[in-house]
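Chemist: To be precise about what I am sending: the file is called final_13.txt and holds compact mmCIF, C-alpha atoms.
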```txt
# COMPACT_ATOMS: atom_id res chain seq x y z
CA MET D 11 -20.76 -13.61 -2.13
CA SER D 12 -22.89 -13.02 -5.22
CA GLY D 13 -21.64 -13.32 -8.79
CA THR D 14 -21.86 -9.55 -9.21
CA THR D 15 -19.75 -8.95 -6.10
CA ILE D 16 -17.10 -11.32 -7.42
CA VAL D 17 -16.94 -9.56 -10.81
CA VAL D 18 -16.82 -6.13 -9.12
CA ALA D 19 -14.06 -7.31 -6.74
CA LEU D 20 -11.96 -8.74 -9.59
CA SER D 21 -12.37 -5.59 -11.74
CA LEU D 22 -11.65 -3.13 -8.94
CA GLY D 23 -8.67 -5.24 -7.84
CA PHE D 24 -7.25 -5.12 -11.35
CA LEU D 25 -7.80 -1.34 -11.63
CA ALA D 26 -6.24 -0.76 -8.20
CA GLY D 27 -3.21 -2.75 -9.38
CA VAL D 28 -2.92 -0.69 -12.59
CA ALA D 29 -3.04 2.53 -10.55
CA ALA D 30 -0.46 1.17 -8.09
CA GLY D 31 1.92 0.29 -10.92
CA LEU D 32 1.27 3.52 -12.80
CA PHE D 33 1.61 5.96 -9.91
CA GLY D 34 4.08 4.05 -7.76
CA VAL D 35 1.81 3.80 -4.74
CA GLY D 36 1.21 0.63 -2.78
CA GLY D 37 -2.00 -1.25 -3.33
CA GLY D 38 -3.11 -0.89 0.28
CA ILE D 39 -4.49 2.65 0.15
CA LEU D 40 -6.71 1.52 -2.76
CA PHE D 41 -7.61 -1.95 -1.47
CA VAL D 42 -9.02 -0.62 1.81
CA PRO D 43 -11.68 1.59 0.11
CA VAL D 44 -12.47 -1.20 -2.40
CA LEU D 45 -12.99 -3.69 0.44
CA LEU D 46 -15.10 -1.15 2.35
CA GLY D 47 -17.20 -0.77 -0.80
CA LEU D 48 -17.63 -4.55 -0.89
CA GLY D 49 -19.19 -4.35 2.56
CA LEU D 50 -16.32 -5.10 4.94
CA GLY D 51 -15.89 -3.11 8.16
CA GLN D 52 -12.85 -0.81 8.60
CA LEU D 53 -10.79 -3.36 10.59
CA GLU D 54 -11.79 -6.22 8.29
CA ALA D 55 -10.86 -4.12 5.25
CA GLU D 56 -7.46 -3.22 6.72
CA ALA D 57 -6.69 -6.80 7.76
CA THR D 58 -7.77 -8.16 4.37
CA SER D 59 -5.87 -5.44 2.49
CA LEU D 60 -2.64 -6.61 4.14
CA LEU D 61 -3.17 -10.11 2.73
CA ALA D 62 -4.33 -8.74 -0.64
CA ILE D 63 -1.13 -6.72 -1.21
CA LEU D 64 1.09 -9.81 -0.90
CA PRO D 65 0.80 -11.03 -4.55
CA THR D 66 1.64 -7.52 -5.85
CA VAL D 67 4.51 -7.18 -3.37
CA VAL D 68 5.98 -10.59 -4.24
CA ALA D 69 5.78 -9.86 -8.00
CA GLY D 70 7.27 -6.38 -7.50
CA THR D 71 10.09 -7.66 -5.30
CA TRP D 72 10.96 -10.32 -7.86
CA ARG D 73 11.23 -7.66 -10.57
CA GLN D 74 13.21 -5.23 -8.41
CA ARG D 75 15.62 -8.00 -7.44
CA ARG D 76 16.41 -8.62 -11.11
CA TYR D 77 17.29 -4.92 -11.40
CA GLY D 78 19.57 -5.28 -8.37
CA ASN D 79 17.50 -2.84 -6.30
CA VAL D 80 16.95 -5.05 -3.23
CA ARG D 81 19.38 -5.01 -0.30
CA ARG D 82 18.46 -8.32 1.26
CA ARG D 83 20.01 -7.77 4.69
CA THR D 84 18.42 -4.33 5.07
CA ALA D 85 15.06 -5.68 3.93
CA LEU D 86 15.28 -8.55 6.42
CA VAL D 87 16.17 -6.24 9.33
CA LEU D 88 13.37 -3.83 8.33
CA GLY D 89 10.85 -6.64 7.98
CA ILE D 90 11.68 -8.37 11.26
CA ALA D 91 11.80 -5.07 13.19
CA SER D 92 8.44 -4.12 11.67
CA ILE D 93 6.75 -7.07 13.41
CA ALA D 94 7.07 -5.23 16.75
CA GLY D 95 5.43 -2.18 15.18
CA VAL D 96 2.74 -4.35 13.61
CA GLN D 97 1.84 -5.79 17.01
CA ALA D 98 1.49 -2.29 18.45
CA GLY D 99 -0.47 -1.15 15.37
CA VAL D 100 -2.96 -4.02 15.63
CA LEU D 101 -3.41 -3.24 19.32
CA VAL D 102 -4.05 0.46 18.67
CA ALA D 103 -6.33 -0.18 15.66
CA THR D 104 -8.48 -2.76 17.47
CA SER D 105 -8.88 -0.49 20.50
CA LEU D 106 -9.96 2.57 18.46
CA PRO D 107 -13.61 3.02 17.44
CA GLU D 108 -13.91 2.01 13.78
CA ASP D 109 -15.27 5.40 12.65
CA VAL D 110 -12.22 7.13 14.16
CA LEU D 111 -9.96 4.69 12.31
CA ARG D 112 -11.89 5.36 9.11
CA ARG D 113 -11.45 9.14 9.50
CA LEU D 114 -7.71 8.70 10.13
CA PHE D 115 -7.52 6.58 6.98
CA ALA D 116 -9.35 9.33 5.03
CA LEU D 117 -6.72 11.83 6.23
CA LEU D 118 -3.99 9.47 5.06
CA LEU D 119 -5.62 9.41 1.60
CA VAL D 120 -5.60 13.21 1.45
CA GLY D 121 -1.94 13.21 2.52
CA VAL D 122 -1.01 10.71 -0.20
CA ALA D 123 -2.99 12.72 -2.79
CA ALA D 124 -1.09 15.89 -1.82
CA GLN D 125 2.27 14.11 -1.93
CA LEU D 126 1.53 12.65 -5.39
CA ALA D 127 0.39 15.99 -6.81
CA TRP D 128 3.45 17.72 -5.35
CA ARG D 129 5.78 15.10 -6.78
CA ALA D 130 4.11 15.34 -10.22
CA ARG D 131 4.47 19.14 -10.16
CA ARG D 132 8.19 18.98 -9.37
CA SER D 133 9.23 15.99 -11.40
CA SER D 134 10.88 16.78 -14.74
CA THR D 135 10.57 13.13 -15.82
CA TYR D 136 6.80 13.41 -15.56
CA ALA D 137 6.87 16.72 -17.39
CA SER D 138 8.81 15.27 -20.32
CA LYS D 139 6.32 12.43 -20.64
CA ALA D 140 3.24 14.64 -20.34
CA MET Z 30 21.62 -0.69 11.84
CA LEU Z 31 19.78 0.95 14.73
CA ARG Z 32 18.21 3.40 12.29
CA ILE Z 33 17.02 0.55 10.07
CA VAL Z 34 15.43 -1.15 13.08
CA ALA Z 35 13.71 2.11 14.07
CA ILE Z 36 12.41 2.64 10.52
CA GLY Z 37 11.09 -0.94 10.52
CA VAL Z 38 9.21 -0.47 13.80
CA VAL Z 39 7.61 2.80 12.63
CA ALA Z 40 6.67 1.25 9.27
CA GLY Z 41 5.10 -1.76 10.99
CA LEU Z 42 2.99 0.46 13.23
CA PHE Z 43 1.83 2.52 10.26
CA SER Z 44 1.14 -0.57 8.16
CA ALA Z 45 -1.02 -2.34 10.74
CA LEU Z 46 -2.85 0.84 11.74
CA PHE Z 47 -3.95 1.62 8.16
CA GLY Z 48 -3.85 -1.74 6.35
CA VAL Z 49 -1.23 -0.50 3.90
CA GLY Z 50 2.27 -1.75 3.08
CA GLY Z 51 4.03 1.23 4.60
CA GLY Z 52 6.16 2.12 1.58
CA ILE Z 53 5.17 5.79 1.90
CA VAL Z 54 6.94 5.73 5.28
CA ILE Z 55 9.86 3.39 4.53
CA VAL Z 56 11.03 4.86 1.20
CA PRO Z 57 11.49 8.50 2.34
CA LEU Z 58 13.01 7.40 5.66
CA LEU Z 59 15.52 5.10 3.96
CA ILE Z 60 16.52 7.93 1.62
CA LEU Z 61 16.69 10.69 4.26
CA ALA Z 62 17.76 8.89 7.44
CA ALA Z 63 19.80 5.99 6.06
CA SER Z 64 21.19 7.56 2.83
CA VAL Z 65 19.90 4.73 0.63
CA PRO Z 66 19.55 5.64 -3.11
CA GLU Z 67 15.93 6.05 -4.28
CA ARG Z 68 15.64 2.98 -6.51
CA VAL Z 69 17.26 0.74 -3.90
CA ALA Z 70 14.98 2.24 -1.24
CA THR Z 71 11.93 1.33 -3.33
CA GLY Z 72 13.10 -2.23 -4.05
CA THR Z 73 14.25 -2.90 -0.49
CA SER Z 74 11.03 -1.43 0.90
CA LEU Z 75 8.95 -3.82 -1.24
CA ALA Z 76 10.87 -6.84 0.03
CA ALA Z 77 10.45 -5.71 3.66
CA ILE Z 78 6.73 -5.08 3.16
CA GLY Z 79 6.30 -8.76 2.26
CA ILE Z 80 7.25 -9.62 5.86
CA THR Z 81 5.32 -6.69 7.39
CA ALA Z 82 2.07 -7.37 5.54
CA LEU Z 83 2.23 -11.10 6.25
CA ALA Z 84 2.74 -10.43 9.96
CA GLY Z 85 -0.18 -7.97 9.98
CA ALA Z 86 -2.48 -10.36 8.13
CA ILE Z 87 -1.63 -13.19 10.56
CA LEU Z 88 -2.10 -11.05 13.68
CA TYR Z 89 -5.41 -9.60 12.45
CA GLY Z 90 -6.41 -13.11 11.35
CA LEU Z 91 -5.92 -14.39 14.89
CA GLU Z 92 -8.36 -11.68 16.03
CA GLY Z 93 -10.87 -12.86 13.41
CA TYR Z 94 -10.78 -9.83 11.08
CA LEU Z 95 -9.33 -11.49 7.97
CA HIS Z 96 -11.42 -12.35 4.86
CA PRO Z 97 -9.06 -14.51 2.74
CA GLY Z 98 -11.61 -14.95 -0.09
CA HIS Z 99 -11.95 -11.18 -0.53
CA ALA Z 100 -8.15 -10.82 -0.35
CA ALA Z 101 -7.70 -13.30 -3.22
CA LEU Z 102 -10.45 -11.70 -5.36
CA VAL Z 103 -8.90 -8.25 -5.05
CA GLY Z 104 -5.22 -9.11 -4.62
CA LEU Z 105 -4.62 -11.59 -7.44
CA PRO Z 106 -5.96 -9.43 -10.32
CA ALA Z 107 -4.12 -6.48 -8.72
CA ALA Z 108 -0.77 -8.20 -9.18
CA ALA Z 109 -1.51 -8.52 -12.91
CA GLY Z 110 -2.77 -4.92 -13.00
CA ALA Z 111 0.40 -3.63 -11.35
CA VAL Z 112 2.54 -5.17 -14.09
CA ALA Z 113 0.30 -3.55 -16.72
CA GLY Z 114 0.39 -0.20 -14.91
CA ALA Z 115 4.18 -0.17 -14.63
CA SER Z 116 4.53 -0.80 -18.38
CA LEU Z 117 1.90 1.86 -19.24
CA GLN Z 118 4.00 4.43 -17.36
CA GLN Z 119 6.22 4.95 -20.40
CA ARG Z 120 3.31 5.55 -22.79
CA LEU Z 121 0.81 7.69 -20.91
CA PRO Z 122 0.79 11.36 -19.85
CA VAL Z 123 1.47 10.36 -16.25
CA ARG Z 124 1.60 13.93 -14.95
CA SER Z 125 -1.96 14.90 -15.84
CA LEU Z 126 -3.16 11.44 -14.85
CA THR Z 127 -1.53 11.89 -11.45
CA TYR Z 128 -3.61 15.03 -10.81
CA ALA Z 129 -6.76 13.11 -11.77
CA PHE Z 130 -5.73 10.23 -9.52
CA SER Z 131 -5.04 12.63 -6.61
CA ALA Z 132 -8.51 14.10 -7.10
CA LEU Z 133 -9.97 10.58 -7.03
CA LEU Z 134 -8.18 9.86 -3.73
CA VAL Z 135 -9.59 13.06 -2.23
CA ALA Z 136 -13.07 12.08 -3.45
CA VAL Z 137 -12.70 8.67 -1.76
CA ALA Z 138 -11.56 10.44 1.41
CA VAL Z 139 -14.68 12.64 1.35
CA TRP Z 140 -16.85 9.53 0.83
CA LEU Z 141 -15.22 7.92 3.89
CA LEU Z 142 -15.64 11.06 6.00
CA VAL Z 143 -19.29 11.69 5.24
CA GLY Z 144 -20.45 8.17 4.27
```
Would you write the structure of this file as structure tokens?
Modeler:
Amino acid sequence: MSGTTIVVALSLGFLAGVAAGLFGVGGGILFVPVLLGLGLGQLEAEATSLLAILPTVVAGTWRQRRYGNVRRRTALVLGIASIAGVQAGVLVATSLPEDVLRRLFALLLVGVAAQLAWRARRSSTYASKA
Amino acid sequence: MLRIVAIGVVAGLFSALFGVGGGIVIVPLLILAASVPERVATGTSLAAIGITALAGAILYGLEGYLHPGHAALVGLPAAAGAVAGASLQQRLPVRSLTYAFSALLVAVAVWLLVG
């Protein structure tokens, strides 16, 4: 990795984090395009994104726990059950052609964009801050 | 309990398929299907995603797709950025920014589709 790549990765990572905190979206939908831009393939970007979201998730969970917003038992059941889904997801993703996976991811981005815009339009809390 | 398990399985599938945490699936499902209040759904979802994302990273890692160096370069500054972003929420016109951000996401989608 060149020095430039490292600086770009650090800056884009920081900006993706700011956007995640500001708009209440997970980091993953932003990390995947950033990692693609850094030259990773679709599967590599998705795999690496899952590791990259962990620091943000751990920090966020710690904060939410202080606010009393985490139901530990529910989270544990969700998390453990998700491992079965993860196994299936990895199997499906690795058997799909990468360009198909990339197009599906692009559709997900459009879906998230629509959901965010819709939420912003409806939300009175956003309106009062605007 | 059965509903929570089902939500977890769906979220895991979604997470691994797209390389995302899966909060956009878990949060609405917890609110609608399990009657969990919104703030608790968000907090609980985050905690669950820790397990989901770790499992995904490990399983993809075993297949040789993981780049830990890239993950650290992007993921560590992101954690700091997320704290900054959450505190900026009170001071910025989030509504107009959200439209701009949505447009950016669509632009990225177009780049992925044609690029």
Chemist: Measuring atom to atom with only C-alpha atoms, identify which of D:Ala116, D:Ser21, D:Arg76, D:Gly34 is nearest to chain Z.
Modeler: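 The closest residue to chain Z is D:Ala116.
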Chemist: So which one's closest to chain D, Z:Ile55, Z:Val137, Z:Val103, Z:Ile87? Using only C-alpha atoms, please.
Modeler: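 Nearest candidate to chain D out of Z:Ile55, Z:Val137, Z:Val103, Z:Ile87: Z:Val103.
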Chemist: Which of these, Z:Val49, Z:Leu58, Z:Val139, Z:Val65, has the shortest distance to chain D once you count all atoms listed in the file?
Modeler: Z:Val49
Chemist: For a quick check of understanding, using only C-alpha atoms, which of Z:Val54, Z:Leu42, Z:Leu126, Z:Ala63 has the smallest distance to chain D?
Modeler: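 Looking at the shortest contact to chain D, the residue is Z:Leu42.
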Chemist: Using only C-alpha atoms, which of the listed residues (Z:Ala62, Z:Glu67, Z:Leu91, Z:Pro122) sits closest to chain D?
Modeler: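 Going through Z:Ala62, Z:Glu67, Z:Leu91, Z:Pro122 one by one, the smallest distance to chain D is for Z:Pro122.
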Chemist: For each of D:Ala55, D:Val35, D:Leu86, D:Ile93, take the minimum atom-to-atom distance to Z:Gly85, counting only C-alpha atoms, then give the residue where this is smallest.
Modeler: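 Result for the nearest residue to Z:Gly85: D:Ile93.
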Chemist: What's the separation between atom CA of Z:Gly51 and atom CA of Z:Gln119, in Å to one decimal place?
Modeler: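 Distance reported for this atom pair: 25.4 Å.
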Chemist: Using all atoms listed in the file, determine which residues lie at most 9 Å from Z:Leu141, disregarding the query and same-chain residues fewer than 2 positions distant; provide the list as a list of chain:residue names.
Modeler: D:Pro43, D:Arg112, D:Arg113, D:Phe115, D:Ala116, Z:Ala136, Z:Val137, Z:Ala138, Z:Val139, Z:Val143, Z:Gly144
